Amino acid sequence: MSITVVRRLYQYAAAFLGLQLCATGLRGLLTQLLEPLFATAAIGAASTDAFRLSLNIALLLVGLPLWALHWWLVQRAAHAHDEQHARLRRLYAYLTLGVAAIACLIGLSALLGALLGGLLWSGADTRAAGSTGALLVYGAIWLYHWRVFGTDRNEVEVTGGSATLRRWYLTVVLSISLFALALAAIGVVRELLLATQPAFGVSPGLRMRAGELLAALLLWLPHQLWWRRLPREATPLRADELRSALRQVYLGLAVTITAVAALGGLAGLLYQALLAGFGGALWSALLNDQADAIATALVAAPLWLFHRAELAAEA
């Protein structure tokens, strides 16, 4: 391993560590500032607040200079061709973007769930302040790094390791956001099915699941559109994307998992129907007992059709 690679490894690792420390401290400070607004009924003791404030300030004071110094060093060196095309630079970029994207998903999901569930202004929701702080901090981190590394993407990520790192970022973010979207959609459909029963009615859980569904959709859809455009648009990235095995693996797994989920839901529904037909259960209990199975089948089937069409289009 050459001294140049060692230097890059140190600088990007230090920049990444400093950024995460800085983000954690800043998120904590924003959370404390927002708590009196969102969680007036859950403010902690003065000693606890002092401990949190001290910890967050310490993280910020350590992380910010650590990131700023090493980020300045790597950005100054990036004017050279070898530095600009270094795989470690893209590894830092997509690792940072991935962490920020998932943090935004978690924060936005909790925030929209609290908002639609009627908990945001109740004064008793302790998650809203933290979710808002995380969304503001990691959203800014994601936007900044996306803009910085997007300027030379068509030049640097044409082929090789940099292109592979981009695909791994997309695959991981798409997988996590699609999983979150599917779970939230199943929850929404289940709550809607149960709401048709007089004994249940519309529950606050329906609005919370709807918030989680919207959050997952806001992360999944832009990444899905970008992922879909890469092999279709006439850009320098197109040729390498068309040869990507990872794209086929992702689509194949998505088709398989959604098919298994849909068939599993249908099997559960068929079992309950046959049981009722043979007198082993009540027909009136079919919807209540199999709400999860029905919801799973109703969500998984369209997802299977969508990914099956995507796989056929790229075959």
# chains A, B, ... in the order shown; residues from 1 in each chain; ligands from 1
>>> closest_atom_pairs(of="region 53-121 of chain A", to="region 223-243 of chain A", cutoff="12 Å", atoms="only C-alpha atoms", output="tab-separated table")
residue	atom	partner	partner_atom	distance
A:Leu97	CA	A:His223	CA	12.0
A:Gly98	CA	A:His223	CA	11.5
A:Ala101	CA	A:His223	CA	10.4
>>> write_last_selection(atoms="N, CA and C atoms", output="short mmCIF file (atom, residue, chain, number, x, y, z; two decimals), in the first residue's frame")
data_model
loop_
_atom_site.label_atom_id
_atom_site.label_comp_id
_atom_site.auth_asym_id
_atom_site.auth_seq_id
_atom_site.Cartn_x
_atom_site.Cartn_y
_atom_site.Cartn_z
N LEU A 97 -23.50 9.82 2.14
CA LEU A 97 -24.84 9.98 1.59
C LEU A 97 -25.78 8.88 2.10
N GLY A 98 -25.27 7.66 2.20
CA GLY A 98 -26.11 6.57 2.68
C GLY A 98 -26.53 6.75 4.13
N ALA A 101 -29.03 9.59 4.28
CA ALA A 101 -30.33 9.23 3.72
C ALA A 101 -31.15 8.38 4.68
#
>>> closest_residue(among="A:Leu66, A:Leu274, A:Val188, A:Leu30", to="Ala13 (chain A)", atoms="only C-alpha atoms")
A:Leu66
>>> residues_around(residues="Tyr271 (chain A)", least_positions_apart="6", cutoff="10 Å", atoms="only C-alpha atoms", output="list in words")
Gly265, Gly277 and Gln290 of chain A
>>> closest_residue(among="A:Ala262, A:Leu165, A:Leu206, A:Ala93", to="Ala300 (chain A)", atoms="only C-alpha atoms")
A:Ala262
>>> select_by_dssp(residues="region 109-302 of chain A", states="helix (DSSP H, G or I)", output="PyMOL selection string")
chain A and resi 109-116+127-150+153-156+161-195+204-229+238-242+245-277+283-289+291-302
>>> residues_around(residues="Gly113 (chain A)", least_positions_apart="3", cutoff="7 Å", atoms="only C-alpha atoms", output="PyMOL selection string")
chain A and resi 109-110+116-117+207-209+211-212
>>> write_last_selection(atoms="C-alpha atoms", output="mmCIF file, in the first residue's frame")
data_model
loop_
_atom_site.group_PDB
_atom_site.id
_atom_site.type_symbol
_atom_site.label_atom_id
_atom_site.label_comp_id
_atom_site.auth_asym_id
_atom_site.auth_seq_id
_atom_site.Cartn_x
_atom_site.Cartn_y
_atom_site.Cartn_z
ATOM 1 C CA SER A 109 -40.974 8.830 9.323
ATOM 2 C CA ALA A 110 -41.269 9.672 13.014
ATOM 3 C CA LEU A 116 -50.591 12.924 10.978
ATOM 4 C CA GLY A 117 -51.249 11.006 14.183
ATOM 5 C CA ARG A 207 -52.626 8.133 10.334
ATOM 6 C CA MET A 208 -49.251 7.232 11.820
ATOM 7 C CA ARG A 209 -48.736 4.444 9.272
ATOM 8 C CA GLY A 211 -46.979 9.260 7.725
ATOM 9 C CA GLU A 212 -44.431 6.459 7.659
#
>>> closest_residue(among="A:Leu111, A:Ile257, A:Leu194, A:Leu170", to="Ala210 (chain A)", atoms="only C-alpha atoms")
A:Leu111
>>> residues_around(residues="Gln20 (chain A)", least_positions_apart="4", cutoff="10 Å", atoms="only C-alpha atoms", output="JSON list (two decimals) with N, CA and C atoms, in the first residue's frame")
[["chain", "number", "residue", "atom", "x", "y", "z"],
["A", 14, "ALA", "N", -10.86, 10.34, 8.84],
["A", 14, "ALA", "CA", -10.95, 11.41, 9.84],
["A", 14, "ALA", "C", -12.09, 12.36, 9.50],
["A", 15, "ALA", "N", -12.25, 12.67, 8.21],
["A", 15, "ALA", "CA", -13.34, 13.56, 7.80],
["A", 15, "ALA", "C", -14.70, 12.93, 8.09],
["A", 16, "PHE", "N", -14.82, 11.63, 7.81],
["A", 16, "PHE", "CA", -16.09, 10.95, 8.05],
["A", 16, "PHE", "C", -16.40, 10.89, 9.55],
["A", 24, "THR", "N", -23.92, 14.45, 15.22],
["A", 24, "THR", "CA", -24.55, 13.97, 16.45],
["A", 24, "THR", "C", -24.69, 15.10, 17.47],
["A", 25, "GLY", "N", -23.64, 15.89, 17.63],
["A", 25, "GLY", "CA", -23.71, 17.01, 18.57],
["A", 25, "GLY", "C", -24.71, 18.06, 18.14],
["A", 26, "LEU", "N", -24.70, 18.41, 16.86],
["A", 26, "LEU", "CA", -25.62, 19.43, 16.37],
["A", 26, "LEU", "C", -27.07, 18.96, 16.44],
["A", 59, "LEU", "N", -19.21, 17.16, 21.60],
["A", 59, "LEU", "CA", -19.18, 16.46, 20.32],
["A", 59, "LEU", "C", -19.03, 17.44, 19.16],
["A", 60, "LEU", "N", -19.74, 18.54, 19.24],
["A", 60, "LEU", "CA", -19.67, 19.54, 18.17],
["A", 60, "LEU", "C", -18.30, 20.20, 18.11],
["A", 63, "GLY", "N", -15.91, 17.43, 16.77],
["A", 63, "GLY", "CA", -16.20, 16.95, 15.42],
["A", 63, "GLY", "C", -16.05, 18.00, 14.33],
["A", 64, "LEU", "N", -16.49, 19.22, 14.60],
["A", 64, "LEU", "CA", -16.46, 20.25, 13.56],
["A", 64, "LEU", "C", -15.05, 20.58, 13.09],
["A", 67, "TRP", "N", -13.61, 17.52, 11.12],
["A", 67, "TRP", "CA", -14.13, 17.39, 9.75],
["A", 67, "TRP", "C", -13.66, 18.55, 8.86],
["A", 96, "THR", "N", -21.24, 8.55, 3.28],
["A", 96, "THR", "CA", -21.86, 9.71, 3.93],
["A", 96, "THR", "C", -23.29, 9.92, 3.44],
["A", 99, "VAL", "N", -25.57, 7.10, 4.99],
["A", 99, "VAL", "CA", -25.90, 7.33, 6.40],
["A", 99, "VAL", "C", -26.90, 8.47, 6.54],
["A", 100, "ALA", "N", -26.67, 9.55, 5.80],
["A", 100, "ALA", "CA", -27.57, 10.70, 5.89],
["A", 100, "ALA", "C", -28.96, 10.36, 5.36],
["A", 138, "TYR", "N", -29.13, 15.98, 9.01],
["A", 138, "TYR", "CA", -28.73, 15.00, 8.00],
["A", 138, "TYR", "C", -29.26, 15.36, 6.62],
["A", 141, "ILE", "N", -26.60, 17.68, 5.37],
["A", 141, "ILE", "CA", -25.40, 16.91, 5.02],
["A", 141, "ILE", "C", -25.60, 16.21, 3.68]]
>>> residues_around(residues="Ala58 (chain A)", least_positions_apart="3", cutoff="12 Å", atoms="only C-alpha atoms", output="ChimeraX atom specification")
/A:21-26,28-29,51-55,61-65
>>> closest_residue(among="A:Arg27, A:Arg8, A:Arg153, A:Arg190", to="Gly130 (chain A)", atoms="only C-alpha atoms")
A:Arg27
>>> residues_around(residues="Trp168 (chain A)", least_positions_apart="5", cutoff="12 Å", atoms="only C-alpha atoms", output="list in words")
Arg90, Leu91, Tyr94, Leu95, Leu97, Gly98, Gly161, Ser162, Ala163, Val173, Leu174, Ser175, Trp227, Ser244, Ala245, Leu246, Arg247, Val249 and Tyr250 of chain A
>>> write_last_selection(atoms="all heavy atoms", output="CSV table (one decimal), in the first residue's frame")
chain,number,residue,atom,x,y,z
A,90,ARG,N,-14.9,8.4,-3.5
A,90,ARG,CA,-16.2,8.0,-3.7
A,90,ARG,C,-16.8,7.2,-2.6
A,90,ARG,O,-18.0,7.2,-2.3
A,90,ARG,CB,-16.3,7.3,-5.1
A,90,ARG,CG,-16.0,8.1,-6.2
A,90,ARG,CD,-17.1,9.2,-6.5
A,90,ARG,NE,-16.6,10.4,-7.0
A,90,ARG,CZ,-17.4,11.4,-7.5
A,90,ARG,NH1,-18.7,11.3,-7.5
A,90,ARG,NH2,-16.9,12.5,-7.9
A,91,LEU,N,-15.9,6.4,-1.9
A,91,LEU,CA,-16.4,5.6,-0.8
A,91,LEU,C,-16.9,6.5,0.3
A,91,LEU,O,-17.9,6.3,0.9
A,91,LEU,CB,-15.3,4.7,-0.3
A,91,LEU,CG,-15.6,3.9,1.0
A,91,LEU,CD1,-16.7,2.9,0.7
A,91,LEU,CD2,-14.3,3.1,1.4
A,94,TYR,N,-20.3,8.2,-0.9
A,94,TYR,CA,-21.6,7.4,-0.8
A,94,TYR,C,-21.8,6.8,0.5
A,94,TYR,O,-23.0,6.5,0.9
A,94,TYR,CB,-21.5,6.3,-1.9
A,94,TYR,CG,-21.8,6.9,-3.3
A,94,TYR,CD1,-20.8,6.9,-4.3
A,94,TYR,CD2,-23.0,7.5,-3.6
A,94,TYR,CE1,-21.0,7.4,-5.5
A,94,TYR,CE2,-23.2,8.1,-4.8
A,94,TYR,CZ,-22.2,8.1,-5.8
A,94,TYR,OH,-22.4,8.6,-7.0
A,95,LEU,N,-20.8,6.6,1.4
A,95,LEU,CA,-21.0,6.2,2.7
A,95,LEU,C,-21.7,7.3,3.5
A,95,LEU,O,-22.7,7.1,4.3
A,95,LEU,CB,-19.7,5.8,3.4
A,95,LEU,CG,-19.8,5.2,4.8
A,95,LEU,CD1,-20.6,3.9,4.7
A,95,LEU,CD2,-18.4,4.9,5.3
A,97,LEU,N,-23.5,9.8,2.1
A,97,LEU,CA,-24.8,10.0,1.6
A,97,LEU,C,-25.8,8.9,2.1
A,97,LEU,O,-26.9,9.1,2.4
A,97,LEU,CB,-24.8,9.9,0.1
A,97,LEU,CG,-24.2,11.2,-0.6
A,97,LEU,CD1,-24.0,10.9,-2.1
A,97,LEU,CD2,-25.1,12.4,-0.4
A,98,GLY,N,-25.3,7.7,2.2
A,98,GLY,CA,-26.1,6.6,2.7
A,98,GLY,C,-26.5,6.7,4.1
A,98,GLY,O,-27.7,6.6,4.5
A,161,GLY,N,-14.4,1.0,-10.0
A,161,GLY,CA,-14.8,1.0,-8.6
A,161,GLY,C,-15.8,2.1,-8.2
A,161,GLY,O,-16.7,1.9,-7.4
A,162,SER,N,-15.6,3.3,-8.8
A,162,SER,CA,-16.4,4.4,-8.4
A,162,SER,C,-17.9,4.2,-8.9
A,162,SER,O,-18.8,4.5,-8.2
A,162,SER,CB,-15.9,5.7,-9.1
A,162,SER,OG,-14.6,6.0,-8.6
A,163,ALA,N,-18.0,3.6,-10.1
A,163,ALA,CA,-19.4,3.2,-10.6
A,163,ALA,C,-20.0,2.1,-9.7
A,163,ALA,O,-21.2,2.2,-9.4
A,163,ALA,CB,-19.3,2.8,-12.0
A,173,VAL,N,-29.9,1.9,-0.4
A,173,VAL,CA,-30.9,2.9,-0.1
A,173,VAL,C,-32.3,2.4,-0.7
A,173,VAL,O,-33.3,2.6,0.0
A,173,VAL,CB,-30.6,4.3,-0.6
A,173,VAL,CG1,-31.7,5.3,-0.4
A,173,VAL,CG2,-29.3,4.8,0.1
A,174,LEU,N,-32.3,1.9,-1.9
A,174,LEU,CA,-33.6,1.5,-2.5
A,174,LEU,C,-34.1,0.3,-1.7
A,174,LEU,O,-35.3,0.2,-1.4
A,174,LEU,CB,-33.3,1.0,-3.9
A,174,LEU,CG,-33.3,2.2,-4.9
A,174,LEU,CD1,-32.9,1.6,-6.3
A,174,LEU,CD2,-34.6,2.9,-5.0
A,175,SER,N,-33.3,-0.6,-1.3
A,175,SER,CA,-33.7,-1.8,-0.5
A,175,SER,C,-34.3,-1.4,0.8
A,175,SER,O,-35.4,-1.9,1.2
A,175,SER,CB,-32.6,-2.8,-0.3
A,175,SER,OG,-32.0,-3.2,-1.5
A,227,TRP,N,-32.2,5.7,-10.4
A,227,TRP,CA,-31.8,4.3,-10.8
A,227,TRP,C,-32.4,3.9,-12.1
A,227,TRP,O,-31.7,3.2,-12.9
A,227,TRP,CB,-32.3,3.4,-9.6
A,227,TRP,CG,-31.8,2.0,-9.7
A,227,TRP,CD1,-30.7,1.4,-9.2
A,227,TRP,CD2,-32.5,0.9,-10.4
A,227,TRP,NE1,-30.6,0.1,-9.5
A,227,TRP,CE2,-31.7,-0.3,-10.2
A,227,TRP,CE3,-33.7,0.8,-11.0
A,227,TRP,CZ2,-32.1,-1.5,-10.7
A,227,TRP,CZ3,-34.1,-0.5,-11.5
A,227,TRP,CH2,-33.3,-1.6,-11.3
A,244,SER,N,-24.3,-3.9,-15.7
A,244,SER,CA,-24.2,-4.2,-14.3
A,244,SER,C,-25.0,-5.4,-13.9
A,244,SER,O,-26.1,-5.6,-14.2
A,244,SER,CB,-24.8,-3.0,-13.5
A,244,SER,OG,-25.0,-3.3,-12.2
A,245,ALA,N,-24.2,-6.3,-13.2
A,245,ALA,CA,-24.9,-7.5,-12.6
A,245,ALA,C,-25.7,-7.2,-11.4
A,245,ALA,O,-26.7,-7.9,-11.0
A,245,ALA,CB,-23.8,-8.6,-12.3
A,246,LEU,N,-25.2,-6.2,-10.6
A,246,LEU,CA,-25.8,-5.8,-9.4
A,246,LEU,C,-27.3,-5.4,-9.6
A,246,LEU,O,-28.2,-5.6,-8.8
A,246,LEU,CB,-25.0,-4.7,-8.6
A,246,LEU,CG,-25.5,-4.3,-7.2
A,246,LEU,CD1,-25.5,-5.5,-6.3
A,246,LEU,CD2,-24.6,-3.2,-6.7
A,247,ARG,N,-27.5,-4.7,-10.7
A,247,ARG,CA,-28.9,-4.2,-11.0
A,247,ARG,C,-29.8,-5.5,-11.2
A,247,ARG,O,-30.9,-5.5,-10.7
A,247,ARG,CB,-28.9,-3.4,-12.3
A,247,ARG,CG,-28.2,-2.1,-12.2
A,247,ARG,CD,-28.3,-1.3,-13.5
A,247,ARG,NE,-29.7,-1.0,-13.9
A,247,ARG,CZ,-30.3,0.2,-13.6
A,247,ARG,NH1,-29.6,1.1,-12.9
A,247,ARG,NH2,-31.5,0.4,-13.9
A,249,VAL,N,-29.3,-8.5,-10.0
A,249,VAL,CA,-29.5,-9.2,-8.7
A,249,VAL,C,-30.5,-8.5,-7.8
A,249,VAL,O,-31.4,-9.1,-7.2
A,249,VAL,CB,-28.1,-9.2,-8.0
A,249,VAL,CG1,-28.3,-9.8,-6.5
A,249,VAL,CG2,-27.1,-10.1,-8.7
A,250,TYR,N,-30.5,-7.2,-7.8
A,250,TYR,CA,-31.4,-6.4,-7.0
A,250,TYR,C,-32.9,-6.7,-7.5
A,250,TYR,O,-33.8,-6.9,-6.7
A,250,TYR,CB,-31.1,-4.9,-7.0
A,250,TYR,CG,-32.2,-4.0,-6.5
A,250,TYR,CD1,-32.5,-3.9,-5.1
A,250,TYR,CD2,-33.1,-3.4,-7.4
A,250,TYR,CE1,-33.5,-3.1,-4.7
A,250,TYR,CE2,-34.1,-2.6,-6.9
A,250,TYR,CZ,-34.3,-2.5,-5.6
A,250,TYR,OH,-35.3,-1.7,-5.1
>>> closest_residue(among="A:Leu17, A:Leu115, A:Ala185, A:Ile102", to="Ala129 (chain A)", atoms="only C-alpha atoms")
A:Leu115
>>> decode(residues="region 252-269 of chain A", atoms="N, CA and C atoms", output="compact mmCIF listing (two decimals), in the first residue's frame")
# COMPACT_ATOMS: atom_id res chain seq x y z
N GLY A 252 -33.93 -9.15 -9.31
CA GLY A 252 -34.30 -10.54 -9.11
C GLY A 252 -34.72 -10.82 -7.68
N LEU A 253 -33.98 -10.27 -6.72
CA LEU A 253 -34.35 -10.45 -5.32
C LEU A 253 -35.67 -9.76 -4.99
N ALA A 254 -35.88 -8.57 -5.56
CA ALA A 254 -37.14 -7.86 -5.31
C ALA A 254 -38.32 -8.65 -5.85
N VAL A 255 -38.17 -9.20 -7.05
CA VAL A 255 -39.24 -10.01 -7.64
C VAL A 255 -39.51 -11.25 -6.79
N THR A 256 -38.45 -11.91 -6.36
CA THR A 256 -38.60 -13.14 -5.57
C THR A 256 -39.26 -12.87 -4.22
N ILE A 257 -38.78 -11.87 -3.52
CA ILE A 257 -39.30 -11.58 -2.17
C ILE A 257 -40.75 -11.13 -2.23
N THR A 258 -41.09 -10.27 -3.18
CA THR A 258 -42.48 -9.82 -3.28
C THR A 258 -43.41 -10.95 -3.71
N ALA A 259 -42.91 -11.85 -4.57
CA ALA A 259 -43.73 -13.00 -4.97
C ALA A 259 -44.00 -13.91 -3.78
N VAL A 260 -42.96 -14.18 -2.98
CA VAL A 260 -43.13 -15.03 -1.80
C VAL A 260 -44.10 -14.38 -0.81
N ALA A 261 -43.97 -13.06 -0.62
CA ALA A 261 -44.86 -12.36 0.31
C ALA A 261 -46.31 -12.41 -0.17
N ALA A 262 -46.52 -12.18 -1.47
CA ALA A 262 -47.88 -12.20 -2.01
C ALA A 262 -48.49 -13.60 -1.90
N LEU A 263 -47.71 -14.61 -2.25
CA LEU A 263 -48.21 -15.98 -2.18
C LEU A 263 -48.46 -16.41 -0.74
N GLY A 264 -47.59 -15.95 0.18
CA GLY A 264 -47.81 -16.26 1.59
C GLY A 264 -49.10 -15.65 2.11
N GLY A 265 -49.37 -14.40 1.72
CA GLY A 265 -50.62 -13.77 2.13
C GLY A 265 -51.83 -14.48 1.56
N LEU A 266 -51.75 -14.86 0.29
CA LEU A 266 -52.86 -15.58 -0.33
C LEU A 266 -53.07 -16.95 0.29
N ALA A 267 -51.96 -17.61 0.65
CA ALA A 267 -52.07 -18.92 1.30
C ALA A 267 -52.77 -18.81 2.65
N GLY A 268 -52.42 -17.78 3.42
CA GLY A 268 -53.08 -17.58 4.70
C GLY A 268 -54.55 -17.30 4.55
N LEU A 269 -54.90 -16.49 3.55
CA LEU A 269 -56.31 -16.19 3.30
C LEU A 269 -57.07 -17.43 2.85
